[in-house]
Structures are given as C-alpha cells and as structure tokens.
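Colleague: Following this line is entry.txt, made up of compact mmCIF, C-alpha atoms and all ligand atoms:
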```txt
# COMPACT_ATOMS: atom_id res chain seq x y z
CA MET A 1 41.96 80.22 -52.65
CA GLY A 2 42.64 80.76 -56.36
CA GLY A 3 41.51 83.90 -58.11
CA GLY A 4 39.76 81.83 -60.78
CA ARG A 5 37.37 80.19 -58.36
CA CYS A 6 36.58 83.58 -56.90
CA LEU A 7 35.68 84.96 -60.33
CA VAL A 8 33.42 81.99 -61.04
CA LEU A 9 31.51 82.60 -57.81
CA LEU A 10 31.11 86.28 -58.63
CA TRP A 11 29.76 85.46 -62.07
CA VAL A 12 27.26 83.04 -60.55
CA VAL A 13 26.06 85.76 -58.19
CA LEU A 14 25.95 88.27 -61.06
CA PHE A 15 23.99 85.91 -63.26
CA CYS A 16 21.51 85.14 -60.50
CA PHE A 17 20.88 88.80 -59.87
CA PHE A 18 20.20 89.77 -63.44
CA SER A 19 18.22 86.66 -64.30
CA PRO A 20 14.42 86.95 -64.41
CA GLY A 21 12.38 86.16 -61.34
CA VAL A 22 14.04 88.79 -59.20
CA ILE A 23 11.50 91.47 -60.00
CA ASP A 24 8.45 90.53 -58.00
CA GLY A 25 5.01 90.49 -59.46
CA SER A 26 2.41 89.92 -56.77
CA PRO A 27 0.00 87.11 -57.63
CA GLY A 28 -1.65 87.41 -54.19
CA ASP A 29 -3.25 90.77 -54.72
CA ALA A 30 -4.39 89.84 -58.24
CA ASP A 31 -6.47 87.00 -56.74
CA PRO A 32 -10.22 87.70 -57.22
CA VAL A 33 -11.16 86.27 -53.78
CA TYR A 34 -8.69 88.60 -52.09
CA ARG A 35 -9.87 91.57 -54.17
CA GLY A 36 -13.49 90.88 -53.35
CA CYS A 37 -12.63 90.63 -49.66
CA VAL A 38 -10.84 94.00 -49.63
CA GLU A 39 -13.67 95.68 -51.54
CA GLU A 40 -16.28 94.28 -49.14
CA CYS A 41 -14.19 95.18 -46.10
CA GLU A 42 -13.82 98.79 -47.22
CA LYS A 43 -17.64 99.09 -47.40
CA THR A 44 -18.53 97.26 -44.17
CA GLY A 45 -15.34 97.44 -42.14
CA CYS A 46 -15.57 93.71 -41.54
CA VAL A 47 -13.71 90.61 -42.68
CA GLY A 48 -15.90 87.69 -41.66
CA GLU A 49 -16.60 88.12 -37.95
CA LYS A 50 -13.75 90.54 -37.48
CA CYS A 51 -14.63 94.24 -37.69
CA LEU A 52 -11.83 96.74 -37.91
CA HIS A 53 -11.46 99.83 -35.82
CA PRO A 54 -10.25 102.39 -38.39
CA CYS A 55 -12.97 101.39 -40.84
CA LYS A 56 -15.59 101.51 -38.09
CA ALA A 57 -14.45 104.95 -37.08
CA SER A 58 -14.87 106.23 -40.61
CA LEU A 59 -18.18 104.42 -41.20
CA ASP A 60 -19.76 105.41 -37.87
CA GLY A 61 -18.95 109.06 -38.39
CA ASN A 62 -20.39 108.88 -41.94
CA THR A 63 -17.15 110.35 -43.14
CA VAL A 64 -14.60 109.38 -45.68
CA ASP A 65 -11.22 107.87 -44.82
CA VAL A 66 -9.41 111.19 -44.73
CA SER A 67 -11.28 112.72 -41.80
CA TRP A 68 -10.60 110.02 -39.19
CA HIS A 69 -6.95 110.60 -39.85
CA LEU A 70 -7.33 114.15 -38.61
CA LYS A 71 -8.97 113.04 -35.35
CA GLU A 72 -6.27 110.50 -34.58
CA PRO A 73 -3.07 111.34 -32.75
CA LEU A 74 0.02 111.97 -34.84
CA TYR A 75 1.65 108.63 -34.17
CA ILE A 76 -1.34 106.81 -35.63
CA ARG A 77 -1.22 109.05 -38.66
CA TRP A 78 2.45 108.31 -39.08
CA LYS A 79 1.74 104.62 -39.09
CA GLN A 80 -0.94 105.27 -41.70
CA TRP A 81 -3.18 102.66 -40.18
CA ASP A 82 -6.02 103.45 -42.45
CA CYS A 83 -8.97 101.33 -43.31
CA LEU A 84 -7.50 100.05 -46.58
CA SER A 85 -4.29 98.90 -44.92
CA HIS A 86 -6.23 97.05 -42.22
CA CYS A 87 -8.51 95.44 -44.77
CA ARG A 88 -5.60 94.34 -46.95
CA TYR A 89 -3.87 92.77 -43.94
CA GLN A 90 -6.96 90.94 -42.63
CA CYS A 91 -7.99 89.75 -46.10
CA MET A 92 -4.46 88.51 -46.75
CA LEU A 93 -4.48 86.50 -43.50
CA THR A 94 -7.90 85.02 -44.29
CA ARG A 95 -6.92 84.20 -47.87
CA GLU A 96 -3.61 82.63 -46.85
CA GLU A 97 -5.40 80.57 -44.19
CA SER A 98 -7.71 79.00 -46.76
CA ARG A 99 -4.90 78.57 -49.29
CA LYS A 100 -2.90 76.74 -46.64
CA LYS A 101 -5.81 74.38 -46.00
CA LEU A 102 -5.80 73.57 -49.72
CA GLY A 103 -2.08 72.84 -49.45
CA GLN A 104 -1.03 75.82 -51.57
CA GLU A 105 2.20 77.76 -51.20
CA PRO A 106 2.10 81.34 -49.88
CA ASP A 107 1.64 84.19 -52.37
CA LYS A 108 3.07 87.67 -52.34
CA TYR A 109 0.74 90.61 -51.74
CA HIS A 110 1.64 94.08 -53.03
CA GLY A 111 5.26 93.00 -53.42
CA LYS A 112 5.58 91.42 -49.98
CA TRP A 113 5.23 88.00 -48.43
CA PRO A 114 2.30 87.48 -46.03
CA PHE A 115 4.01 88.42 -42.76
CA LYS A 116 2.33 88.14 -39.38
CA ARG A 117 2.42 91.51 -37.67
CA ILE A 118 3.61 91.78 -34.10
CA PHE A 119 2.60 94.98 -32.26
CA ASP A 120 1.63 96.53 -35.61
CA ILE A 121 5.17 95.90 -36.91
CA GLN A 122 5.01 94.71 -40.51
CA GLU A 123 8.17 92.62 -40.66
CA PRO A 124 9.21 91.91 -37.05
CA ALA A 125 12.18 89.68 -37.90
CA SER A 126 13.73 92.19 -40.31
CA VAL A 127 13.23 94.93 -37.71
CA ALA A 128 14.89 92.86 -34.97
CA PHE A 129 17.83 91.88 -37.19
CA SER A 130 18.27 95.45 -38.45
CA ALA A 131 18.38 96.60 -34.83
CA MET A 132 20.98 93.91 -34.08
CA ASN A 133 23.06 95.05 -37.06
CA LEU A 134 22.81 98.57 -35.70
CA ALA A 135 24.01 97.37 -32.30
CA VAL A 136 26.92 95.35 -33.74
CA GLN A 137 27.99 98.28 -35.94
CA PHE A 138 27.90 100.52 -32.89
CA HIS A 139 29.88 98.04 -30.82
CA GLY A 140 32.45 97.73 -33.61
CA TRP A 141 32.80 101.47 -33.90
CA VAL A 142 33.15 102.01 -30.14
CA SER A 143 35.82 99.32 -29.89
CA PHE A 144 37.64 101.00 -32.79
CA ILE A 145 37.42 104.38 -31.04
CA ILE A 146 38.81 102.89 -27.82
CA LEU A 147 41.65 101.26 -29.74
CA VAL A 148 42.82 104.36 -31.61
CA ASN A 149 42.30 106.81 -28.75
CA TYR A 150 43.33 104.87 -25.66
CA LYS A 151 45.38 101.84 -26.61
CA LEU A 152 47.65 102.91 -29.46
CA PRO A 153 50.25 105.70 -29.39
CA PHE A 154 49.82 108.93 -31.34
CA ARG A 155 52.25 110.63 -33.68
CA PRO A 156 54.10 113.68 -32.32
CA ASN A 157 51.54 115.91 -34.11
CA LYS A 158 48.71 114.17 -32.15
CA ASN A 159 47.39 112.32 -35.22
CA THR A 160 47.02 108.54 -35.21
CA TYR A 161 49.69 106.49 -36.94
CA TYR A 162 46.94 104.68 -38.79
CA GLU A 163 46.18 106.58 -42.00
CA TYR A 164 42.54 105.52 -42.33
CA THR A 165 41.13 106.44 -38.92
CA GLY A 166 38.81 109.19 -40.16
CA LEU A 167 37.59 106.99 -42.99
CA TRP A 168 36.44 104.26 -40.59
CA HIS A 169 34.64 106.82 -38.41
CA ALA A 170 32.70 108.05 -41.44
CA TYR A 171 32.05 104.43 -42.42
CA ALA A 172 30.46 103.83 -39.02
CA LEU A 173 28.15 106.84 -39.41
CA PHE A 174 26.96 105.71 -42.84
CA ALA A 175 26.41 102.17 -41.51
CA LEU A 176 24.51 103.24 -38.40
CA ASN A 177 22.32 105.58 -40.44
CA SER A 178 21.55 102.88 -42.96
CA TRP A 179 20.60 100.23 -40.35
CA PHE A 180 18.49 102.68 -38.39
CA TRP A 181 16.36 103.46 -41.46
CA SER A 182 16.25 99.82 -42.42
CA ALA A 183 14.60 99.07 -39.05
CA VAL A 184 12.13 101.93 -39.52
CA PHE A 185 11.27 100.84 -43.07
CA HIS A 186 10.59 97.25 -42.05
CA MET A 187 8.44 98.50 -39.20
CA ARG A 188 6.18 100.41 -41.54
CA ASP A 189 6.55 100.42 -45.28
CA VAL A 190 5.26 103.75 -46.58
CA ASP A 191 6.57 105.94 -49.39
CA ILE A 192 8.77 108.16 -47.22
CA THR A 193 10.33 105.38 -45.09
CA GLU A 194 11.07 103.39 -48.24
CA LYS A 195 12.80 106.33 -49.93
CA ILE A 196 14.92 107.17 -46.89
CA ASP A 197 15.88 103.51 -46.39
CA TYR A 198 16.90 103.00 -50.01
CA SER A 199 18.80 106.31 -50.08
CA SER A 200 20.66 105.46 -46.87
CA ALA A 201 21.57 102.01 -48.16
CA VAL A 202 22.89 103.46 -51.44
CA ALA A 203 24.91 106.06 -49.54
CA PHE A 204 26.40 103.36 -47.28
CA LEU A 205 27.24 101.12 -50.21
CA GLY A 206 28.77 104.04 -52.14
CA TYR A 207 30.88 105.09 -49.19
CA SER A 208 32.13 101.56 -48.53
CA LEU A 209 33.13 101.37 -52.21
CA PHE A 210 35.15 104.55 -51.74
CA LEU A 211 36.76 103.08 -48.61
CA ALA A 212 37.58 99.87 -50.48
CA VAL A 213 39.39 101.79 -53.24
CA ILE A 214 41.32 103.94 -50.76
CA ARG A 215 42.41 101.02 -48.55
CA ALA A 216 43.03 98.46 -51.28
CA PHE A 217 45.27 100.82 -53.24
CA SER A 218 46.73 102.37 -50.06
CA VAL A 219 45.82 105.89 -51.16
CA ARG A 220 47.37 108.12 -48.52
CA VAL A 221 47.80 111.46 -50.28
CA GLU A 222 44.89 113.82 -49.65
CA ALA A 223 44.70 115.05 -53.27
CA ALA A 224 44.57 111.49 -54.60
CA ARG A 225 41.77 110.64 -52.15
CA VAL A 226 39.75 113.59 -53.41
CA MET A 227 40.24 112.33 -56.98
CA VAL A 228 38.64 109.03 -55.93
CA ALA A 229 35.93 110.61 -53.79
CA ALA A 230 34.74 113.10 -56.41
CA PRO A 231 33.47 110.68 -59.07
CA VAL A 232 32.13 108.12 -56.54
CA PHE A 233 30.23 110.69 -54.47
CA ALA A 234 28.99 112.53 -57.57
CA PHE A 235 27.58 109.30 -58.95
CA VAL A 236 26.01 108.22 -55.65
CA THR A 237 24.44 111.65 -55.06
CA THR A 238 23.05 111.76 -58.59
CA HIS A 239 21.62 108.27 -58.20
CA ILE A 240 19.93 109.15 -54.88
CA LEU A 241 18.43 112.35 -56.35
CA TYR A 242 17.24 110.40 -59.38
CA LEU A 243 15.50 107.79 -57.19
CA ASN A 244 13.84 110.34 -54.92
CA PHE A 245 12.84 113.08 -57.31
CA PHE A 246 12.65 111.57 -60.77
CA PHE A 247 11.83 107.89 -60.91
CA PHE A 248 11.95 105.25 -58.18
CA ASP A 249 13.21 102.47 -60.40
CA TYR A 250 13.71 99.24 -58.39
CA GLY A 251 15.34 97.37 -61.27
CA TRP A 252 17.87 100.09 -62.03
CA ASN A 253 18.61 100.64 -58.34
CA MET A 254 19.24 96.92 -57.89
CA LYS A 255 21.74 96.97 -60.78
CA VAL A 256 23.52 100.00 -59.34
CA CYS A 257 23.73 98.40 -55.89
CA VAL A 258 24.91 95.05 -57.20
CA ALA A 259 27.54 96.76 -59.36
CA MET A 260 28.85 98.83 -56.44
CA GLY A 261 28.77 95.76 -54.18
CA LEU A 262 30.59 93.53 -56.68
CA ILE A 263 33.31 96.07 -57.42
CA GLN A 264 34.20 96.39 -53.75
CA MET A 265 34.04 92.63 -53.23
CA VAL A 266 36.45 92.10 -56.13
CA LEU A 267 38.74 94.86 -54.84
CA TRP A 268 38.88 93.38 -51.34
CA ALA A 269 39.23 89.82 -52.63
CA VAL A 270 42.14 90.72 -54.91
CA TRP A 271 43.74 92.83 -52.20
CA ALA A 272 43.47 89.98 -49.68
CA GLY A 273 44.92 87.67 -52.32
CA VAL A 274 48.06 89.68 -53.01
CA SER A 275 48.73 91.34 -49.65
CA ARG A 276 50.71 89.82 -46.80
CA HIS A 277 48.31 91.27 -44.26
CA PRO A 278 48.09 89.05 -41.14
CA SER A 279 44.30 89.39 -41.01
CA ARG A 280 43.61 88.87 -44.69
CA TRP A 281 41.60 85.73 -43.87
CA LYS A 282 38.99 87.99 -42.24
CA VAL A 283 38.62 89.87 -45.51
CA TRP A 284 38.24 86.58 -47.38
CA ALA A 285 35.62 85.43 -44.88
CA VAL A 286 33.58 88.63 -45.17
CA VAL A 287 33.79 88.68 -48.99
CA PHE A 288 32.77 85.04 -49.38
CA GLY A 289 30.29 85.14 -46.52
CA GLY A 290 28.75 88.26 -48.03
CA GLY A 291 28.60 86.62 -51.47
CA ALA A 292 26.95 83.51 -50.05
CA ALA A 293 24.50 85.63 -48.06
CA MET A 294 23.51 87.41 -51.26
CA LEU A 295 22.06 84.10 -52.44
CA LEU A 296 19.38 84.55 -49.76
CA GLU A 297 18.27 87.68 -51.58
CA VAL A 298 18.20 85.75 -54.83
CA TYR A 299 16.24 82.73 -53.57
CA ASP A 300 13.54 84.86 -52.06
CA PHE A 301 11.49 82.30 -50.11
CA PRO A 302 8.28 82.95 -48.10
CA PRO A 303 8.47 83.46 -44.32
CA TYR A 304 8.66 80.48 -41.99
CA TRP A 305 5.97 80.77 -39.30
CA GLY A 306 4.92 83.96 -41.04
CA VAL A 307 8.05 85.66 -39.71
CA PHE A 308 11.43 84.56 -41.10
CA ASP A 309 11.71 85.14 -44.84
CA ALA A 310 14.86 85.17 -47.00
CA HIS A 311 15.32 88.92 -46.63
CA ALA A 312 15.16 88.76 -42.83
CA LEU A 313 17.72 85.91 -42.78
CA TRP A 314 19.92 87.99 -45.07
CA HIS A 315 19.85 90.74 -42.45
CA LEU A 316 20.67 88.10 -39.83
CA SER A 317 23.67 86.87 -41.83
CA THR A 318 25.26 90.32 -41.96
CA ILE A 319 25.47 90.47 -38.14
CA PRO A 320 28.47 88.09 -37.76
CA LEU A 321 30.02 89.52 -40.94
CA THR A 322 29.85 93.02 -39.46
CA TYR A 323 31.47 91.78 -36.27
CA LEU A 324 34.30 90.23 -38.28
CA TRP A 325 34.65 93.32 -40.44
CA TRP A 326 35.23 95.63 -37.47
CA SER A 327 37.62 93.08 -36.07
CA PHE A 328 39.54 93.39 -39.36
CA ALA A 329 39.47 97.19 -39.07
CA ARG A 330 40.99 96.96 -35.58
CA ASP A 331 43.64 94.46 -36.74
CA ASP A 332 44.50 96.69 -39.66
CA THR A 333 44.87 99.65 -37.32
CA GLU A 334 47.28 97.77 -35.05
CA PHE A 335 49.20 96.25 -37.96
CA ARG A 336 49.73 99.57 -39.74
CA THR A 337 50.59 101.36 -36.50
CA ARG A 338 53.23 98.78 -35.63
CA ALA A 339 54.68 98.89 -39.15
CA LEU A 340 54.86 102.69 -39.18
CA MET A 341 56.46 102.86 -35.74
CA LYS A 342 59.09 100.31 -36.74
CA LYS A 343 59.87 102.39 -39.81
CA LYS A 344 60.32 105.46 -37.62
CA ASP A 345 62.82 103.75 -35.25
ZN ZN A 401 15.79 95.03 -45.45
```
Could I get this file's structure written as structure tokens?

Modeller:
Amino acid sequence: MGGGRCLVLLWVVLFCFFSPGVIDGSPGDADPVYRGCVEECEKTGCVGEKCLHPCKASLDGNTVDVSWHLKEPLYIRWKQWDCLSHCRYQCMLTREESRKKLGQEPDKYHGKWPFKRIFDIQEPASVAFSAMNLAVQFHGWVSFIILVNYKLPFRPNKNTYYEYTGLWHAYALFALNSWFWSAVFHMRDVDITEKIDYSSAVAFLGYSLFLAVIRAFSVRVEAARVMVAAPVFAFVTTHILYLNFFFFDYGWNMKVCVAMGLIQMVLWAVWAGVSRHPSRWKVWAVVFGGGAAMLLEVYDFPPYWGVFDAHALWHLSTIPLTYLWWSFARDDTEFRTRALMKKKD
C-alpha cells in the first residue's frame, strides 16, 4: 500500500470530521408537540393512558420533585429517574410513533437518537458492545501476561527481553478503565458519568499516542522516554482538567481527540510501511480498519429497531480491531525477544 493513498484517506477522514453536521442540534426536542407533551406530563404524570411512577409519587405526596428523591433508595437516585426524565422518554416514544406513521425519519432528542430502553438502560447496544470491548481488552492483556511471564525466557536480571512490556501493561489499564466508563455512561447519561467517560477516553487516547511514539521510534532509553511522556501527559492532563473544571467543550474535545488519533495512526502507518516487522500487516489492518470505522462516527445514522445506531456499531467495530491489536502486541513481543536473544548468542 503506497503512502500517498494512505494520506488521501486520512485527509478524507479529517475533512469529514471538521465539516459541519457533526455538531448535533436536536430538532426533536424543539418540536412543539413534544414540548407540550413533556409540559403536560410534568403536571399530570401521564402521557396518554400511561401514568408514570416517579411523577405520581411526587404528585400524590403534594411535594416537589426533589423530595421523592430523598425517599427513594440510593440506586434509584443514582439513576436519576426523576419525573422529567420519564416524561421526556415517554413523550419521545409517543412522538416518534406518530412521526413514523407519517413516514418521517427519526429525530434527535437532547442530543441523542430515540433509543428504546431495555431494563432502564438508555443505550443497550452501546453498553453491550462496550462490555465486549472490555472483555476483549482483558483477554488480550491476560494472554500478553501469560506470554511474557510463562512462555518467553527472561534476561539474567529477571527482566523481560522485550523492552515495552511495562508500557503494554499500562496500556491495558487505560483501555479497561476507558471501556468500563463507556459502558456506565451509555447505561445512564448524567453529568458525572459523561465527564468520567470523556476523561477516561482522552486519557486512553493520550496514552496510546505516547505508546505509538515510543514503539514507532524504538525509544528504549529511560531519559528519552520521559522526554516524550512529559509533554504528552502534561497536555492530556491539562485538557482533562479544562473539560471537567472550566468548560465542557464538545467541539474542542472532538478536535483534540481526532488530532491525537490521527497522529498515532500516521505514526503506526508509516512505521508499518518502513519496518520489516513480520506482523506489520496487523498494524495496517488496525490502522485502516480504525479509519474506516471512524466513518461510522461521521455518518451518524439513527438506530435500527431503536437499538443499533452508528455509535453503537462503531463500538462493535473496535472489538475485532482490539483482538488484532493485542495479537500484534504478542507477535511484537516474540519477535523482539527472538531478535535480542540471537544478538546475545
Ligand atoms: Zn460510546
């Protein structure tokens, strides 16, 4: 694969990301019928025939929304199943039902597609796929641990021959943390879960950028690694603090994430292009697969059967890529170990 074609693809992805249409307005919740429904529901607790428990609890007790919270167990409070949330959900379903009968396409509500909830889970498909990503990351990490600790020989000083062992361990921790919070966020989208999810994703992306630089340039000297780590980690930490405590800017965060993602994709692509690594095709596959999968984020389509939207399928697509990526990590470990042992002989 020529470097030119690779660059063209990257530019296409770049262009798509920064082009308008990515930032979602929500026409659904601007709809007067929907607004009227929510307003009515908050007063009566009912949408059509359907009357909602949290609203009833607050109306029966002649109290405002806040007080029923206090009577409910903690797990209900965590889910923030208040009257307004219930009303918004039921009104959205009713509105979408009638729009569907008129042959209209689904609308977004409060920044999200109209998902059908399963067991109170907001986006069941994204939760399931995040959990599967978590499982595949864990499997990859465990197989890596088994390889370095039980299958390959150690140096006389008890260290592994492979120079990047510790870096992959840390990578696994960032990945597991990020997928765990992704599952939680898609279960229930509230301010705190959103902030932790975004922060974890940024941290994971930042760390994998650091790993890409270290591996692609074969940085083995500790001091040189620190010189790479310092600016990357300083930037990532500053960005996370900015998001959480100053301004949660979706547009700016998207640009930061795309930039960090593209840099590491280019690094890996170029590295795979020039190196004689026996498993370089796996790097190509992950880079191009990852690039193609990003298109799902760009062409953000509404959920099929109320469940599978573009974002959920994007999470699905990263499952095989993750599997392949850990397979590359294991290959790299064996390849480097063999090379270093040969050198020693
Ligand atoms: Zn997600």

Colleague: Tell me which of A:Phe174, A:Thr333, A:Leu167, A:Gly306 sits closest to Leu93 of chain A, counting only C-alpha atoms.

Modeller: A:Gly306

Colleague: Give me, please, the distance in Å between atom CA of Val286 of chain A and atom CA of Trp326 of chain A, quoted to one decimal.

Modeller: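 Those two atoms sit 10.5 Å apart.
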
Colleague: Within 8 Å of ligand ZN 401 (chain A) (counting all atoms listed in the file), which residues show up? I'd like them as a list in words.

Modeller: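 With all atoms listed in the file and a cut-off of 8 Å, ligand ZN 401 (chain A) is contacted by Ser126, Ser130, Ser182, Ala183, Phe185, His186, His311, Ala312 and His315 of chain A.
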
Colleague: Those same residues - C-alpha atoms - I'd like them written as a JSON list (two decimals), keeping the file's coordinate frame.

Modeller:
```json
[["chain", "number", "residue", "atom", "x", "y", "z"],
["A", 126, "SER", "CA", 13.73, 92.19, -40.31],
["A", 130, "SER", "CA", 18.27, 95.45, -38.45],
["A", 182, "SER", "CA", 16.25, 99.82, -42.42],
["A", 183, "ALA", "CA", 14.60, 99.07, -39.05],
["A", 185, "PHE", "CA", 11.27, 100.84, -43.07],
["A", 186, "HIS", "CA", 10.59, 97.25, -42.05],
["A", 311, "HIS", "CA", 15.32, 88.92, -46.63],
["A", 312, "ALA", "CA", 15.16, 88.76, -42.83],
["A", 315, "HIS", "CA", 19.85, 90.74, -42.45]]
```

Colleague: Could you work out how far atom CA of Val232 of chain A lies from atom CA of Ala170 of chain A, giving the answer in Å with one decimal?

Modeller: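 Separating atom CA of Ala170 of chain A from atom CA of Val232 of chain A is a distance of 15.1 Å.
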
Colleague: Set the distance at 7 Å and use all atoms listed in the file: which residues neighbour segment 190-196 of chain A once local chain neighbours fewer than 6 positions away are removed? I'd like the list as a count of residues only.

Modeller: 3

Colleague: I'd like the contact shell of Asn159 of chain A - 10 Å cut-off, only C-alpha atoms, skipping same-chain residues fewer than 6 positions apart - returned as a ChimeraX atom specification.

Modeller: /A:148-149,153,165

Colleague: Just how far from atom CA of Asp189 of chain A is atom CA of Ile121 of chain A, in Å to one decimal?

Modeller: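 Atom-to-atom, atom CA of Ile121 of chain A and atom CA of Asp189 of chain A are spaced 9.6 Å apart.
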
Colleague: Which residues are near Gly28 of chain A? Cut-off 12 Å, all atoms listed in the file, ignore same chain within fewer than 2 positions. Put them as a PyMOL selection string.

Modeller: chain A and resi 24-26+30-35+88-89+91-96+99+104-114

Colleague: For Asp197 of chain A, which residue among A:Asn177, A:Ser327, A:Gln137, A:Thr318 is the nearest when counting all atoms listed in the file?

Modeller: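 Of A:Asn177, A:Ser327, A:Gln137, A:Thr318, the one nearest Asp197 of chain A, counting all atoms listed in the file, is A:Asn177.
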
Colleague: Name the residues within 10 Å of (52.9, 90.9, -42.1), counting only C-alpha atoms in the file's coordinates, and put them as a list in words.

Modeller: Ser275, Arg276, His277, Pro278, Ser279, Arg280, Phe335, Arg336 and Ala339 of chain A

Colleague: So which one's closest to Trp168 of chain A, A:Val127, A:Leu243, A:Leu102, A:Ile145? Using all atoms listed in the file, please.

Modeller: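 Comparing A:Val127, A:Leu243, A:Leu102, A:Ile145 against Trp168 of chain A, the winner is A:Ile145.
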
Colleague: Compile the contact shell of Thr322 of chain A as a PDB file with C-alpha atoms, in the frame of the given file: residues with an atom at most 8 Å away, counting all atoms listed in the file, same-chain residues fewer than 6 positions apart removed.

Modeller:
```pdb
ATOM      1  CA  ASN A 133      23.060  95.050 -37.060  1.00  0.00           C
ATOM      2  CA  VAL A 136      26.920  95.350 -33.740  1.00  0.00           C
ATOM      3  CA  GLN A 137      27.990  98.280 -35.940  1.00  0.00           C
ATOM      4  CA  GLY A 140      32.450  97.730 -33.610  1.00  0.00           C
TER       5      GLY A 140
END
```

Colleague: Would you please work out which residue, of A:Phe144, A:Trp271, A:Trp314, A:Tyr162, is nearest to Ala292 of chain A when using only C-alpha atoms?

Modeller: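 Closest residue, counting only C-alpha atoms: A:Trp314.
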
Colleague: For segment 141-155 of chain A, which lacks atoms in the input, supply N, CA and C atoms and format the output as an mmCIF file, in the frame of the given file.

Modeller:
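See selection10.cif below for the written result:
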```cif
data_model
loop_
_atom_site.group_PDB
_atom_site.id
_atom_site.type_symbol
_atom_site.label_atom_id
_atom_site.label_comp_id
_atom_site.auth_asym_id
_atom_site.auth_seq_id
_atom_site.Cartn_x
_atom_site.Cartn_y
_atom_site.Cartn_z
ATOM 1 N N TRP A 141 32.288 100.098 -33.829
ATOM 2 C CA TRP A 141 32.800 101.470 -33.900
ATOM 3 C C TRP A 141 33.400 101.897 -32.567
ATOM 4 N N VAL A 142 32.670 101.621 -31.478
ATOM 5 C CA VAL A 142 33.150 102.010 -30.140
ATOM 6 C C VAL A 142 34.478 101.311 -29.831
ATOM 7 N N SER A 143 34.568 100.032 -30.166
ATOM 8 C CA SER A 143 35.820 99.320 -29.890
ATOM 9 C C SER A 143 36.970 99.888 -30.728
ATOM 10 N N PHE A 144 36.643 100.343 -31.928
ATOM 11 C CA PHE A 144 37.640 101.000 -32.790
ATOM 12 C C PHE A 144 38.091 102.329 -32.170
ATOM 13 N N ILE A 145 37.120 103.094 -31.671
ATOM 14 C CA ILE A 145 37.420 104.380 -31.040
ATOM 15 C C ILE A 145 38.340 104.181 -29.835
ATOM 16 N N ILE A 146 38.001 103.164 -29.017
ATOM 17 C CA ILE A 146 38.810 102.890 -27.820
ATOM 18 C C ILE A 146 40.235 102.505 -28.227
ATOM 19 N N LEU A 147 40.338 101.693 -29.286
ATOM 20 C CA LEU A 147 41.650 101.260 -29.740
ATOM 21 C C LEU A 147 42.525 102.429 -30.183
ATOM 22 N N VAL A 148 41.979 103.280 -31.065
ATOM 23 C CA VAL A 148 42.820 104.360 -31.610
ATOM 24 C C VAL A 148 43.084 105.470 -30.585
ATOM 25 N N ASN A 149 42.143 105.690 -29.676
ATOM 26 C CA ASN A 149 42.300 106.810 -28.750
ATOM 27 C C ASN A 149 42.974 106.461 -27.437
ATOM 28 N N TYR A 150 42.836 105.201 -26.993
ATOM 29 C CA TYR A 150 43.330 104.870 -25.660
ATOM 30 C C TYR A 150 44.383 103.774 -25.624
ATOM 31 N N LYS A 151 44.467 102.982 -26.679
ATOM 32 C CA LYS A 151 45.380 101.840 -26.610
ATOM 33 C C LYS A 151 46.637 102.031 -27.444
ATOM 34 N N LEU A 152 46.495 102.758 -28.571
ATOM 35 C CA LEU A 152 47.650 102.910 -29.460
ATOM 36 C C LEU A 152 48.270 104.289 -29.292
ATOM 37 N N PRO A 153 49.592 104.395 -29.517
ATOM 38 C CA PRO A 153 50.250 105.700 -29.390
ATOM 39 C C PRO A 153 49.887 106.639 -30.540
ATOM 40 N N PHE A 154 50.062 107.937 -30.293
ATOM 41 C CA PHE A 154 49.820 108.930 -31.340
ATOM 42 C C PHE A 154 51.148 109.374 -31.945
ATOM 43 N N ARG A 155 51.077 109.989 -33.104
ATOM 44 C CA ARG A 155 52.250 110.630 -33.680
ATOM 45 C C ARG A 155 52.572 111.889 -32.866
#
```
